[in-house]
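Taking it in order: structure first as structure tokens, then the write-up.
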Amino acid sequence: MFDVKRTKIYQAVKLEKIPFFRFLGLFKQLFLLFFVVALLFSSYGFLTNDFSWQTSKILLGASVLSLVFFLLALLVQLFFESEIKNPKLESSIKDALQNPSKYNLAEFLGFDVAKAVYRALRYCRSEKATSTHILCFLLNENKETKFIFSRLLLSLKDIKNGAIAEIESLPRRHGLLKLSKSFKDAVISALKRADKKGHLRVDVGDMFTALAKIDPFFKKVLVKNDLKEEDIENLADWLDDIKEKIKKNKRFWDYDNLLKKGTLAREWTAGYTVTLDKYSKDITSSLKAKDFQFVGHKKELQILEEVLSRSGINNALLVGEPGTGKKSIIYALAHKS
């Protein structure tokens, strides 16, 4: 079963069309700006007496009112982002994959993916929906899509135009809306990746990874630009890491975040290495204080760790052309230590 309109997240898709929710962030910023400006002018009036007492009171009242509206907009935005866009699921993706006929698989789509799928199905209406339809509407500009395609050095506009042309070239079939095999396979593949990565819902990275494996048009685009399915998956993993880092960094009180601040007398735990310090530098401390991202080269990193962990013949030399990731491998090793 697959019906976006019967999902809880469909409410968020509908609400986002309302101008109030669409421009809620802008309203919040404007109210904050009005609050700051009105407060500054009212303070200036009270301190310098350049404004009349009545004018200063009006400005102070306007600042308080702007602050109230700002807080209300902030609360509504937080509620929309945390509750409406992320409604609680009664079951897991794993349960749905084990018995797909029992669950509405659309319930496990993230907001951006659900919005793209809904628009794709709405566009098809009485035709057969394919995986290319999902791709076309998933290419609408958002932060995650921009992140993936900017690092692939691909033009979103060109690919979307190509996807539209591909859709329009499909044979027209009037009747009830049907889901093609590629559409169903893309959804199942995205669900499997989401389950593998521990996601509660299918996000943009999951769906793009699935489309790279399933959708024939997207496959052609990747081949034409000398790219592979693994490149999309690596970027999706990178995106997951960034989102996880941002989430962790917000919790400054966590043990891992406190460790980044360093400890007292750390240098006293080992003897002085005068010669080593003269010809090398310790990058471990500096890297642990940063959010270092390492993508790819997992096999090379594993081999390097195995060589260095030997009791004998444990020297390693990394050889390669400039820009092939030698320094990144060293940084990844230092970051893990």
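So you can find residues: chains in the structure tokens are A, B, ... in the order shown, residues in each start at 1, and ligands are numbered from 1 in order.
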(request) List every residue of range 39-259 of chain A that DSSP, applied to the backbone, labels as strand (DSSP E), and write the result as a VMD selection string. (result) chain A and resid 128 to 129 178 to 179
Among range 57-247 of chain A, which ones does DSSP assign to alpha helix (DSSP H) (computed from the backbone)? Answer as a JSON list (two decimals) with C-alpha atoms, in the first residue's frame.
[["chain", "number", "residue", "atom", "x", "y", "z"],
["A", 57, "LYS", "CA", 6.11, 54.86, 25.68],
["A", 58, "ILE", "CA", 4.62, 54.01, 22.29],
["A", 59, "LEU", "CA", 8.01, 52.81, 21.04],
["A", 60, "LEU", "CA", 8.48, 50.72, 24.17],
["A", 61, "GLY", "CA", 5.04, 49.20, 23.72],
["A", 62, "ALA", "CA", 5.82, 48.46, 20.07],
["A", 63, "SER", "CA", 9.05, 46.72, 21.09],
["A", 64, "VAL", "CA", 7.23, 44.56, 23.65],
["A", 65, "LEU", "CA", 4.52, 43.71, 21.12],
["A", 66, "SER", "CA", 7.15, 42.81, 18.51],
["A", 67, "LEU", "CA", 8.89, 40.58, 21.05],
["A", 68, "VAL", "CA", 5.62, 38.79, 21.80],
["A", 69, "PHE", "CA", 4.95, 38.20, 18.09],
["A", 70, "PHE", "CA", 8.54, 37.02, 17.62],
["A", 71, "LEU", "CA", 8.20, 34.48, 20.43],
["A", 72, "LEU", "CA", 4.85, 33.30, 19.07],
["A", 73, "ALA", "CA", 6.34, 32.87, 15.58],
["A", 74, "LEU", "CA", 9.30, 31.03, 17.09],
["A", 75, "LEU", "CA", 7.04, 28.65, 19.02],
["A", 76, "VAL", "CA", 4.87, 27.98, 15.98],
["A", 77, "GLN", "CA", 7.95, 27.34, 13.85],
["A", 78, "LEU", "CA", 9.43, 24.97, 16.43],
["A", 79, "PHE", "CA", 6.13, 23.12, 16.69],
["A", 93, "ILE", "CA", 10.79, 0.79, 8.76],
["A", 94, "LYS", "CA", 12.05, -2.72, 9.50],
["A", 95, "ASP", "CA", 8.52, -3.85, 10.35],
["A", 96, "ALA", "CA", 7.20, -2.29, 7.15],
["A", 97, "LEU", "CA", 9.85, -4.00, 5.01],
["A", 98, "GLN", "CA", 9.06, -7.38, 6.53],
["A", 111, "PHE", "CA", 9.02, 15.69, 4.70],
["A", 112, "ASP", "CA", 11.06, 16.69, 1.62],
["A", 113, "VAL", "CA", 10.70, 13.25, 0.04],
["A", 114, "ALA", "CA", 6.98, 13.08, 0.82],
["A", 115, "LYS", "CA", 6.49, 16.50, -0.75],
["A", 116, "ALA", "CA", 8.36, 15.45, -3.90],
["A", 117, "VAL", "CA", 6.46, 12.16, -4.17],
["A", 118, "TYR", "CA", 3.11, 13.89, -3.63],
["A", 119, "ARG", "CA", 3.86, 16.41, -6.37],
["A", 120, "ALA", "CA", 5.03, 13.64, -8.68],
["A", 121, "LEU", "CA", 1.81, 11.67, -8.17],
["A", 122, "ARG", "CA", -0.26, 14.80, -8.57],
["A", 123, "TYR", "CA", 1.52, 15.55, -11.84],
["A", 124, "CYS", "CA", 0.83, 12.04, -13.13],
["A", 131, "SER", "CA", 10.98, 6.70, -10.61],
["A", 132, "THR", "CA", 11.88, 9.55, -12.99],
["A", 133, "HIS", "CA", 8.83, 11.43, -11.74],
["A", 134, "ILE", "CA", 10.22, 11.20, -8.20],
["A", 135, "LEU", "CA", 13.63, 12.37, -9.40],
["A", 136, "CYS", "CA", 12.16, 15.33, -11.26],
["A", 137, "PHE", "CA", 10.33, 16.72, -8.24],
["A", 138, "LEU", "CA", 13.07, 15.78, -5.79],
["A", 143, "LYS", "CA", 19.76, 22.47, 1.13],
["A", 144, "GLU", "CA", 20.30, 18.72, 0.93],
["A", 145, "THR", "CA", 19.80, 18.50, -2.84],
["A", 146, "LYS", "CA", 22.12, 21.46, -3.39],
["A", 147, "PHE", "CA", 24.73, 19.84, -1.17],
["A", 148, "ILE", "CA", 24.76, 16.60, -3.16],
["A", 149, "PHE", "CA", 24.71, 18.05, -6.67],
["A", 150, "SER", "CA", 27.10, 20.92, -6.00],
["A", 151, "ARG", "CA", 29.72, 18.39, -4.93],
["A", 156, "LEU", "CA", 20.35, 20.94, -11.07],
["A", 157, "LYS", "CA", 18.60, 22.96, -13.74],
["A", 158, "ASP", "CA", 19.99, 20.91, -16.63],
["A", 159, "ILE", "CA", 19.19, 17.58, -15.00],
["A", 160, "LYS", "CA", 15.68, 18.69, -14.12],
["A", 161, "ASN", "CA", 15.06, 19.86, -17.67],
["A", 162, "GLY", "CA", 16.32, 16.50, -18.89],
["A", 163, "ALA", "CA", 14.05, 14.67, -16.45],
["A", 164, "ILE", "CA", 11.05, 16.71, -17.61],
["A", 165, "ALA", "CA", 11.86, 15.89, -21.23],
["A", 166, "GLU", "CA", 12.17, 12.21, -20.30],
["A", 167, "ILE", "CA", 8.78, 12.27, -18.57],
["A", 168, "GLU", "CA", 7.10, 14.01, -21.48],
["A", 181, "LYS", "CA", 7.86, -1.13, -11.07],
["A", 182, "SER", "CA", 10.67, 1.44, -11.03],
["A", 183, "PHE", "CA", 8.61, 3.67, -8.70],
["A", 184, "LYS", "CA", 7.97, 0.82, -6.27],
["A", 185, "ASP", "CA", 11.56, -0.42, -6.46],
["A", 186, "ALA", "CA", 12.89, 3.07, -5.73],
["A", 187, "VAL", "CA", 10.69, 3.40, -2.65],
["A", 188, "ILE", "CA", 11.67, -0.05, -1.35],
["A", 189, "SER", "CA", 15.37, 0.59, -2.01],
["A", 190, "ALA", "CA", 15.18, 3.94, -0.20],
["A", 191, "LEU", "CA", 13.43, 2.29, 2.75],
["A", 192, "LYS", "CA", 16.13, -0.38, 2.93],
["A", 193, "ARG", "CA", 18.89, 2.21, 3.00],
["A", 194, "ALA", "CA", 17.06, 4.25, 5.62],
["A", 195, "ASP", "CA", 16.68, 1.14, 7.76],
["A", 196, "LYS", "CA", 20.35, 0.27, 7.27],
["A", 204, "VAL", "CA", 16.70, 13.01, 0.54],
["A", 205, "GLY", "CA", 20.00, 11.13, 0.62],
["A", 206, "ASP", "CA", 18.23, 7.78, 0.92],
["A", 207, "MET", "CA", 16.01, 8.50, -2.07],
["A", 208, "PHE", "CA", 18.81, 9.82, -4.29],
["A", 209, "THR", "CA", 20.87, 6.73, -3.47],
["A", 210, "ALA", "CA", 17.93, 4.53, -4.44],
["A", 211, "LEU", "CA", 17.29, 6.47, -7.65],
["A", 212, "ALA", "CA", 20.96, 6.12, -8.63],
["A", 213, "LYS", "CA", 20.43, 2.35, -8.57],
["A", 214, "ILE", "CA", 16.91, 2.17, -10.00],
["A", 216, "PRO", "CA", 17.28, 4.64, -15.86],
["A", 217, "PHE", "CA", 17.44, 8.38, -16.60],
["A", 218, "PHE", "CA", 19.53, 9.14, -13.50],
["A", 219, "LYS", "CA", 21.82, 6.23, -14.39],
["A", 220, "LYS", "CA", 22.43, 7.78, -17.81],
["A", 221, "VAL", "CA", 23.25, 11.12, -16.20],
["A", 222, "LEU", "CA", 25.79, 9.49, -13.89],
["A", 223, "VAL", "CA", 27.43, 7.51, -16.70],
["A", 224, "LYS", "CA", 27.58, 10.60, -18.92],
["A", 229, "GLU", "CA", 26.22, 4.87, -7.75],
["A", 230, "GLU", "CA", 28.79, 4.78, -4.96],
["A", 231, "ASP", "CA", 29.48, 8.50, -5.45],
["A", 232, "ILE", "CA", 25.87, 9.33, -4.63],
["A", 233, "GLU", "CA", 25.91, 6.99, -1.65],
["A", 234, "ASN", "CA", 29.16, 8.47, -0.35],
["A", 235, "LEU", "CA", 27.72, 11.97, -0.57],
["A", 236, "ALA", "CA", 24.55, 10.81, 1.17],
["A", 237, "ASP", "CA", 26.72, 9.34, 3.95],
["A", 238, "TRP", "CA", 28.65, 12.60, 4.13],
["A", 239, "LEU", "CA", 25.39, 14.51, 4.43],
["A", 240, "ASP", "CA", 24.27, 12.18, 7.22],
["A", 241, "ASP", "CA", 27.55, 12.79, 9.05],
["A", 242, "ILE", "CA", 27.17, 16.55, 8.78],
["A", 243, "LYS", "CA", 23.61, 16.45, 10.11],
["A", 244, "GLU", "CA", 24.70, 14.20, 12.96],
["A", 245, "LYS", "CA", 27.62, 16.52, 13.78],
["A", 246, "ILE", "CA", 25.32, 19.55, 13.85],
["A", 247, "LYS", "CA", 22.92, 17.69, 16.11]]
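Coordinates place CA of Lys248 in chain A at a distance of 25.4 Å from CA of Ile9 in chain A.
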